[in-house]
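The file start-v2.txt contains compact mmCIF, N, CA and C atoms:
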# COMPACT_ATOMS: atom_id res chain seq x y z
N CYS Y 1 96.21 99.96 123.63
CA CYS Y 1 97.60 100.02 123.24
C CYS Y 1 98.14 101.40 123.59
N SER Y 2 99.38 101.45 124.01
CA SER Y 2 99.97 102.72 124.41
C SER Y 2 100.62 103.46 123.24
N SER Y 3 100.46 102.95 122.02
CA SER Y 3 100.95 103.60 120.82
C SER Y 3 99.79 103.84 119.86
N ASP Y 4 99.92 104.87 119.01
CA ASP Y 4 98.93 105.06 117.97
C ASP Y 4 98.99 103.87 117.00
N LEU Y 5 97.85 103.55 116.40
CA LEU Y 5 97.77 102.44 115.45
C LEU Y 5 97.31 102.93 114.09
N LEU Y 6 97.79 102.27 113.05
CA LEU Y 6 97.32 102.50 111.70
C LEU Y 6 96.68 101.20 111.23
N ILE Y 7 95.39 101.25 110.90
CA ILE Y 7 94.66 100.07 110.43
C ILE Y 7 94.85 99.97 108.92
N ASN Y 8 95.31 98.80 108.46
CA ASN Y 8 95.56 98.58 107.03
C ASN Y 8 94.58 97.61 106.39
N GLY Y 9 93.81 96.88 107.19
CA GLY Y 9 92.88 95.93 106.61
C GLY Y 9 92.18 95.11 107.67
N TRP Y 10 91.28 94.25 107.22
CA TRP Y 10 90.54 93.37 108.13
C TRP Y 10 90.39 91.99 107.50
N THR Y 11 90.18 91.00 108.38
CA THR Y 11 89.91 89.62 107.98
C THR Y 11 88.80 89.07 108.87
N ILE Y 12 87.84 88.42 108.26
CA ILE Y 12 86.76 87.75 108.99
C ILE Y 12 86.81 86.27 108.64
N GLY Y 13 86.64 85.43 109.66
CA GLY Y 13 86.58 84.00 109.41
C GLY Y 13 85.57 83.32 110.32
N SER Y 14 84.83 82.38 109.75
CA SER Y 14 83.91 81.55 110.51
C SER Y 14 84.74 80.46 111.18
N ILE Y 15 84.80 80.49 112.50
CA ILE Y 15 85.67 79.59 113.24
C ILE Y 15 85.27 78.13 113.05
N ASP Y 16 83.98 77.86 112.96
CA ASP Y 16 83.52 76.47 112.78
C ASP Y 16 83.25 76.13 111.31
N ASN Y 17 83.73 76.99 110.39
CA ASN Y 17 83.63 76.78 108.94
C ASN Y 17 82.18 76.75 108.43
N THR Y 18 81.27 77.38 109.18
CA THR Y 18 79.88 77.52 108.74
C THR Y 18 79.78 78.68 107.76
N SER Y 19 79.03 78.50 106.70
CA SER Y 19 78.79 79.57 105.75
C SER Y 19 77.66 80.46 106.25
N GLY Y 20 77.80 81.76 106.09
CA GLY Y 20 76.76 82.69 106.51
C GLY Y 20 77.15 84.11 106.18
N SER Y 21 76.47 85.04 106.82
CA SER Y 21 76.69 86.46 106.57
C SER Y 21 76.80 87.20 107.89
N ILE Y 22 77.70 88.20 107.91
CA ILE Y 22 77.83 89.05 109.09
C ILE Y 22 78.40 90.39 108.66
N GLN Y 23 77.93 91.43 109.31
CA GLN Y 23 78.47 92.77 109.09
C GLN Y 23 78.80 93.38 110.44
N PHE Y 24 80.01 93.90 110.55
CA PHE Y 24 80.47 94.56 111.77
C PHE Y 24 80.55 96.06 111.57
N ASP Y 25 80.47 96.78 112.68
CA ASP Y 25 80.84 98.18 112.74
C ASP Y 25 81.94 98.27 113.80
N ILE Y 26 82.82 99.22 113.68
CA ILE Y 26 83.91 99.39 114.64
C ILE Y 26 83.82 100.79 115.22
N TRP Y 27 83.78 100.83 116.55
CA TRP Y 27 83.64 102.09 117.26
C TRP Y 27 84.89 102.35 118.09
N VAL Y 28 85.37 103.59 118.08
CA VAL Y 28 86.57 103.96 118.83
C VAL Y 28 86.27 105.21 119.64
N ASP Y 29 86.66 105.20 120.93
CA ASP Y 29 86.42 106.37 121.77
C ASP Y 29 87.42 106.41 122.93
N THR Y 30 87.45 107.52 123.60
CA THR Y 30 88.34 107.72 124.74
C THR Y 30 87.77 107.02 125.98
N HIS Y 31 88.61 106.85 126.96
CA HIS Y 31 88.18 106.26 128.23
C HIS Y 31 87.13 107.15 128.91
N ALA Y 32 87.32 108.47 128.81
CA ALA Y 32 86.38 109.42 129.43
C ALA Y 32 84.98 109.32 128.84
N ASN Y 33 84.88 108.93 127.57
CA ASN Y 33 83.58 108.83 126.90
C ASN Y 33 83.04 107.41 126.84
N PHE Y 34 83.67 106.47 127.58
CA PHE Y 34 83.25 105.07 127.59
C PHE Y 34 81.77 104.95 127.96
N PRO Y 35 81.00 104.11 127.33
CA PRO Y 35 81.38 103.22 126.23
C PRO Y 35 81.18 103.88 124.88
N PRO Y 36 81.92 103.42 123.85
CA PRO Y 36 81.70 103.93 122.50
C PRO Y 36 80.29 103.61 122.02
N THR Y 37 79.81 104.40 121.09
CA THR Y 37 78.49 104.19 120.49
C THR Y 37 78.61 104.29 118.97
N VAL Y 38 77.51 104.11 118.28
CA VAL Y 38 77.50 104.21 116.82
C VAL Y 38 78.00 105.58 116.35
N ALA Y 39 77.86 106.59 117.17
CA ALA Y 39 78.37 107.92 116.80
C ALA Y 39 79.90 107.94 116.71
N ASP Y 40 80.56 106.91 117.25
CA ASP Y 40 82.02 106.82 117.27
C ASP Y 40 82.56 105.87 116.20
N THR Y 41 81.75 105.56 115.19
CA THR Y 41 82.18 104.64 114.15
C THR Y 41 83.40 105.16 113.40
N ILE Y 42 84.27 104.24 112.99
CA ILE Y 42 85.42 104.61 112.16
C ILE Y 42 85.33 104.01 110.76
N THR Y 43 84.26 103.29 110.46
CA THR Y 43 84.19 102.51 109.22
C THR Y 43 83.45 103.17 108.06
N ALA Y 44 82.80 104.29 108.27
CA ALA Y 44 81.99 104.91 107.22
C ALA Y 44 81.03 103.87 106.66
N SER Y 45 80.90 103.77 105.34
CA SER Y 45 79.97 102.80 104.77
C SER Y 45 80.67 101.52 104.31
N ALA Y 46 81.98 101.44 104.50
CA ALA Y 46 82.76 100.27 104.06
C ALA Y 46 83.01 99.32 105.23
N LYS Y 47 81.94 98.86 105.85
CA LYS Y 47 82.04 98.03 107.04
C LYS Y 47 82.54 96.62 106.70
N PRO Y 48 83.29 96.01 107.63
CA PRO Y 48 83.72 94.63 107.42
C PRO Y 48 82.51 93.70 107.31
N LEU Y 49 82.49 92.85 106.27
CA LEU Y 49 81.37 91.94 106.12
C LEU Y 49 81.76 90.75 105.26
N ILE Y 50 81.04 89.66 105.49
CA ILE Y 50 81.04 88.52 104.59
C ILE Y 50 79.58 88.20 104.29
N SER Y 51 79.34 87.66 103.11
CA SER Y 51 77.97 87.37 102.69
C SER Y 51 77.92 85.98 102.07
N SER Y 52 77.22 85.08 102.73
CA SER Y 52 77.03 83.70 102.25
C SER Y 52 78.35 82.99 101.97
N THR Y 53 79.29 83.12 102.90
CA THR Y 53 80.59 82.48 102.76
C THR Y 53 81.18 82.20 104.15
N THR Y 54 82.40 81.70 104.20
CA THR Y 54 83.03 81.38 105.48
C THR Y 54 84.14 82.34 105.87
N LYS Y 55 84.59 83.17 104.91
CA LYS Y 55 85.70 84.07 105.21
C LYS Y 55 85.72 85.24 104.24
N GLY Y 56 86.47 86.27 104.62
CA GLY Y 56 86.65 87.42 103.76
C GLY Y 56 87.71 88.34 104.32
N GLN Y 57 88.26 89.18 103.46
CA GLN Y 57 89.22 90.17 103.92
C GLN Y 57 89.27 91.32 102.93
N SER Y 58 89.77 92.46 103.42
CA SER Y 58 89.88 93.63 102.57
C SER Y 58 90.93 94.58 103.11
N THR Y 59 91.58 95.26 102.19
CA THR Y 59 92.46 96.37 102.54
C THR Y 59 91.91 97.67 101.97
N THR Y 60 90.71 97.59 101.40
CA THR Y 60 90.02 98.78 100.91
C THR Y 60 89.21 99.36 102.05
N LEU Y 61 89.69 100.46 102.60
CA LEU Y 61 89.07 101.06 103.79
C LEU Y 61 88.53 102.45 103.45
N THR Y 62 87.78 102.53 102.38
CA THR Y 62 87.26 103.80 101.89
C THR Y 62 86.43 104.51 102.95
N GLY Y 63 86.82 105.72 103.28
CA GLY Y 63 86.08 106.53 104.25
C GLY Y 63 86.43 106.24 105.70
N TRP Y 64 87.23 105.22 105.97
CA TRP Y 64 87.59 104.87 107.34
C TRP Y 64 88.48 105.93 107.97
N THR Y 65 88.37 106.05 109.26
CA THR Y 65 89.39 106.74 110.06
C THR Y 65 90.38 105.64 110.41
N THR Y 66 91.52 105.60 109.72
CA THR Y 66 92.44 104.48 109.86
C THR Y 66 93.48 104.67 110.96
N THR Y 67 93.61 105.88 111.47
CA THR Y 67 94.54 106.12 112.57
C THR Y 67 93.77 106.11 113.89
N VAL Y 68 94.18 105.24 114.79
CA VAL Y 68 93.55 105.14 116.11
C VAL Y 68 94.57 105.63 117.14
N PRO Y 69 94.27 106.74 117.82
CA PRO Y 69 95.20 107.25 118.82
C PRO Y 69 95.39 106.26 119.98
N ALA Y 70 96.50 106.37 120.64
CA ALA Y 70 96.81 105.49 121.77
C ALA Y 70 95.76 105.59 122.85
N ASN Y 71 95.63 104.52 123.61
CA ASN Y 71 94.76 104.46 124.80
C ASN Y 71 93.29 104.70 124.50
N ARG Y 72 92.80 104.13 123.41
CA ARG Y 72 91.39 104.24 123.04
C ARG Y 72 90.72 102.88 123.21
N TRP Y 73 89.43 102.92 123.48
CA TRP Y 73 88.59 101.72 123.46
C TRP Y 73 88.24 101.43 122.01
N ILE Y 74 88.33 100.16 121.63
CA ILE Y 74 87.90 99.73 120.30
C ILE Y 74 86.82 98.67 120.51
N PHE Y 75 85.61 98.97 120.05
CA PHE Y 75 84.48 98.05 120.17
C PHE Y 75 84.13 97.51 118.79
N PHE Y 76 83.76 96.23 118.74
CA PHE Y 76 83.27 95.60 117.52
C PHE Y 76 81.79 95.33 117.71
N ASN Y 77 80.97 96.03 116.94
CA ASN Y 77 79.52 95.88 117.03
C ASN Y 77 79.02 95.05 115.85
N ILE Y 78 78.19 94.07 116.11
CA ILE Y 78 77.59 93.28 115.03
C ILE Y 78 76.32 93.99 114.59
N ASP Y 79 76.33 94.47 113.34
CA ASP Y 79 75.15 95.12 112.78
C ASP Y 79 74.10 94.11 112.33
N SER Y 80 74.57 93.01 111.74
CA SER Y 80 73.65 91.96 111.30
C SER Y 80 74.42 90.65 111.20
N VAL Y 81 73.69 89.54 111.38
CA VAL Y 81 74.30 88.22 111.29
C VAL Y 81 73.23 87.21 110.89
N SER Y 82 73.66 86.22 110.08
CA SER Y 82 72.76 85.15 109.66
C SER Y 82 73.56 83.86 109.54
N SER Y 83 73.12 82.83 110.24
CA SER Y 83 73.67 81.47 110.18
C SER Y 83 75.04 81.28 110.82
N LEU Y 84 75.64 82.31 111.36
CA LEU Y 84 76.97 82.21 111.96
C LEU Y 84 76.87 82.29 113.47
N LYS Y 85 77.70 81.50 114.16
CA LYS Y 85 77.73 81.52 115.61
C LYS Y 85 79.11 81.83 116.17
N LEU Y 86 80.17 81.35 115.51
CA LEU Y 86 81.54 81.56 115.96
C LEU Y 86 82.32 82.26 114.85
N VAL Y 87 82.63 83.53 115.07
CA VAL Y 87 83.28 84.33 114.03
C VAL Y 87 84.43 85.11 114.64
N ASN Y 88 85.50 85.26 113.88
CA ASN Y 88 86.65 86.07 114.29
C ASN Y 88 86.79 87.25 113.33
N LEU Y 89 86.93 88.45 113.89
CA LEU Y 89 87.26 89.64 113.11
C LEU Y 89 88.62 90.10 113.58
N SER Y 90 89.57 90.15 112.67
CA SER Y 90 90.91 90.61 112.99
C SER Y 90 91.22 91.87 112.19
N LEU Y 91 91.86 92.82 112.85
CA LEU Y 91 92.33 94.02 112.17
C LEU Y 91 93.83 93.91 111.97
N GLU Y 92 94.31 94.26 110.78
CA GLU Y 92 95.74 94.36 110.54
C GLU Y 92 96.15 95.77 110.92
N CYS Y 93 96.95 95.88 111.96
CA CYS Y 93 97.34 97.18 112.51
C CYS Y 93 98.85 97.27 112.67
N PHE Y 94 99.36 98.47 112.56
CA PHE Y 94 100.76 98.74 112.78
C PHE Y 94 100.89 99.90 113.74
N ARG Y 95 101.88 99.83 114.63
CA ARG Y 95 102.16 100.96 115.51
C ARG Y 95 102.79 102.08 114.68
N ILE Y 96 102.36 103.30 114.97
CA ILE Y 96 102.94 104.45 114.26
C ILE Y 96 103.49 105.45 115.26
Kindly transcribe the structure held in the file into structure tokens.
Amino acid sequence: CSSDLLINGWTIGSIDNTSGSIQFDIWVDTHANFPPTVADTITASAKPLISSTTKGQSTTLTGWTTTVPANRWIFFNIDSVSSLKLVNLSLECFRI
């Protein structure tokens, strides 16, 4: 995106309505440092996750770097997953 973003929350959903667990990490970095790695995490210890369910969401982003500067790579890394095959992670973001 060519504008800075402010992340306000996340939503996870099992696309095929299968119950399971998944935890994501989100990495953000510049084009010059591509690809992002775990050292570029913005989630601290409050990573997006669902546990033994089909969906979840949160606006509690404790410790997150919630401002993403323009023209950054945003990677979604799966830290762990069980029983899920089709999952959507959406970020609620606003241009600032």
As an exercise, work out the distance from atom N of Y:Cys93 to atom C of Y:Phe34 in Å and give it to one decimal place.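 Spanning atom N of Y:Cys93 to atom C of Y:Phe34 is a straight-line distance of 23.8 Å.
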List every residue of stretch 7-61 of chain Y that DSSP, applied to the backbone, labels as strand (DSSP E), and write the result as a list in words.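 Result set for stretch 7-61 of chain Y (strand (DSSP E)): Ile7, Asn8, Gly9, Trp10, Thr11, Ile12, Gly13, Ser14, Gly20, Ser21, Ile22, Gln23, Phe24, Asp25, Ile26, Trp27, Val28, Asp29, Leu49, Ile50, Ser51, Ser52, Thr53, Lys55, Gly56, Gln57 and Ser58 of chain Y.
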Write out as a Markdown table the residues of stretch 30-57 of chain Y that have any atom within 7 Å of an atom of stretch 17-22 of chain Y, one row each with the nearest atom pair and its distance in Å to one decimal, counting only N, CA and C atoms, sorted by chain and then rising number.
| residue | atom | partner | partner_atom | distance |
| --- | --- | --- | --- | --- |
| Y:Pro48 | C | Y:Ile22 | C | 5.4 |
| Y:Leu49 | CA | Y:Ile22 | C | 4.2 |
| Y:Ile50 | C | Y:Ser21 | CA | 4.1 |
| Y:Ser51 | CA | Y:Ser21 | CA | 4.2 |
| Y:Ser52 | N | Y:Gly20 | C | 3.6 |
| Y:Thr53 | N | Y:Gly20 | N | 3.8 |
| Y:Thr54 | N | Y:Ser19 | CA | 4.5 |
| Y:Lys55 | N | Y:Ser19 | CA | 6.9 |
Those same residues - N, CA and C atoms - I'd like them written as a tab-separated table (two decimals), in the coordinates of the input.
chain	number	residue	atom	x	y	z
Y	48	PRO	N	83.29	96.01	107.63
Y	48	PRO	CA	83.72	94.63	107.42
Y	48	PRO	C	82.51	93.70	107.31
Y	49	LEU	N	82.49	92.85	106.27
Y	49	LEU	CA	81.37	91.94	106.12
Y	49	LEU	C	81.76	90.75	105.26
Y	50	ILE	N	81.04	89.66	105.49
Y	50	ILE	CA	81.04	88.52	104.59
Y	50	ILE	C	79.58	88.20	104.29
Y	51	SER	N	79.34	87.66	103.11
Y	51	SER	CA	77.97	87.37	102.69
Y	51	SER	C	77.92	85.98	102.07
Y	52	SER	N	77.22	85.08	102.73
Y	52	SER	CA	77.03	83.70	102.25
Y	52	SER	C	78.35	82.99	101.97
Y	53	THR	N	79.29	83.12	102.90
Y	53	THR	CA	80.59	82.48	102.76
Y	53	THR	C	81.18	82.20	104.15
Y	54	THR	N	82.40	81.70	104.20
Y	54	THR	CA	83.03	81.38	105.48
Y	54	THR	C	84.14	82.34	105.87
Y	55	LYS	N	84.59	83.17	104.91
Y	55	LYS	CA	85.70	84.07	105.21
Y	55	LYS	C	85.72	85.24	104.24
To box stretch 41-58 of chain Y, take all atoms listed in the file, fit an axis-aligned box, add 4 Å on each side, and give centre and edge lengths in Å to one decimal, as lines of an AutoDock Vina configuration file.
center_x = 84.0
center_y = 93.5
center_z = 108.6
size_x = 21.9
size_y = 32.2
size_z = 21.2
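Considering the residues Y:Ile42, Y:Leu84, Y:Ile12, Y:Val68 and counting all atoms listed in the file, Y:Ile26 has its shortest atom-to-atom contact with Y:Ile42.
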Nearest to Y:Leu6: which of Y:Asn88, Y:Thr43, Y:Thr67, Y:Gln23 is it, counting only N, CA and C atoms?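 Under the stated criterion, the closest residue is Y:Thr67.
Of the listed residues (Y:Asp40, Y:Asp25, Y:Asp79, Y:Glu92), Y:Glu92 comes nearest to Y:Thr11; the distances count all atoms listed in the file.
Each of Y:Phe76, Y:Lys85, Y:Leu61, Y:Gly9 was compared to Y:Thr41 using only C-alpha atoms, and Y:Phe76 turns out to be the nearest.
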Distance of atom CA of Y:Ser80 from atom CA of Y:Ser58, expressed in Å to one decimal place: 18.5 Å
